[in-house]
Amino acid sequence: FFSLVLKFLTRATMSTSMKDDGFQYKLGPPDSGFSLFLADRTKKVHFIRHAEGYHNVETAKTGTNKCLWRGDVPANEHPLWDARLTPKGIKQAEDLRAYLATRPSGGRSYTAFDLVVVSPLTRTLETALHIFGRPRTPGQPAFLDPGMAPEGSPEWHAGQRCPAPRILVREECRERWGEYVCDGRRNITEIAKEFPGFDFSEIEYDEDVFYADERESDPHCWDRAVSFLDWLNQRPESCIAVVTHSSFLRHLFGQFGDNLASDDKASLQRLAGNCELRSVVMCSHGTKEKIAPRRMAPSTYIAASPLSKPADGGFEQANKKAEK
């Protein structure tokens, strides 16, 4: 029901990649190298993996994911529970912000977004904050936002305004949950205080009812990723950024690419680096029945919040280290 057309960016190629909105792909009639899509069925989505977190440093140091197991302590008391960005990670996000401020797009000298969708884990929220800065106040029309074009740009010198994007937090694009403490989240009542202006209104539960000692299954994560695409497809915005996680992206992109040239397929499906921007044009070929998220039972080691509702309700081991 969907096609993804790839254009990707790594930090190492920021200075040379994505200077315009051209996309390289091989689709369509046999041997043509082209596809034609109706414009109103396409949407540009820029996926960004979170910047370096302390859990990334720890797994690199120890050479194993065992440091992410809760052991004998409650998961939410582990020091890497809902891991934060390192100073290096913050710098990575700030570098990407600077790059976007000089990346031409949409007839402007910089790249701007209509909407930013972000996972509710702390490291993705921090990444979004350092890339996009102050969000537009929830419920405020874009024309009332006082934002200006990036300082120093031709548009800024001309006094042109650029509204800050709305930053919407969605549970569906969070990391594959369970087993590793870094992939659980704090209560929303705590997180929201740290990120004023972020829109948490579509988060259903205060506590993390999805995290459990059991890892979310591959089929469920695959379905969740496609369900998220379906939700994106119904959004009115045309240029969207999604700040998410490596394993979620592997489960998403791994379902696409069979009609791409082998090198493009490999580029689409490979592991995303910290703070890597990978952009696609999504084309909807029809409608797909929405997939109801399967809610796993919460871990018995996490204290319940009085504000929460009761929950209802692989990749091979060799890939698990790479996912972190």
# chains A, B, ... in the order shown; residues from 1 in each chain; ligands from 1
>>> select_by_dssp(residues="region 99-242 of chain A", states="helix (DSSP H, G or I)", output="number ranges by chain")
A: 99-100, 122-132, 142-144, 154-157, 171-173, 181-183, 188-194, 218-233
>>> closest_atom_pairs(of="region 33-119 of chain A", to="region 204-225 of chain A", cutoff="9 Å", atoms="only C-alpha atoms", output="JSON lines")
{"residue": "A:Trp69", "atom": "CA", "partner": "A:Asp213", "partner_atom": "CA", "distance": 8.8}
{"residue": "A:Arg70", "atom": "CA", "partner": "A:Asp213", "partner_atom": "CA", "distance": 8.5}
{"residue": "A:Ala75", "atom": "CA", "partner": "A:Asp213", "partner_atom": "CA", "distance": 8.5}
>>> residues_around(residues="region 172-177 of chain A", least_positions_apart="2", cutoff="10 Å", atoms="only C-alpha atoms", output="ChimeraX atom specification")
/A:117-121,124,169-170,179-185,203,210-218,220-222,224-229,231,242-249,251-252,293,296,323-324
>>> residues_around(residues="Pro163 (chain A)", least_positions_apart="3", cutoff="12 Å", atoms="only C-alpha atoms", output="ChimeraX atom specification")
/A:112-115,132-137,140-150,160,166
>>> closest_residue(among="A:Leu100, A:Leu38, A:Ile131, A:Ala241", to="Leu168 (chain A)", atoms="only C-alpha atoms")
A:Ala241
>>> select_by_dssp(residues="region 56-204 of chain A", states="strand (DSSP E)", output="PyMOL selection string")
chain A and resi 115-118+166-169
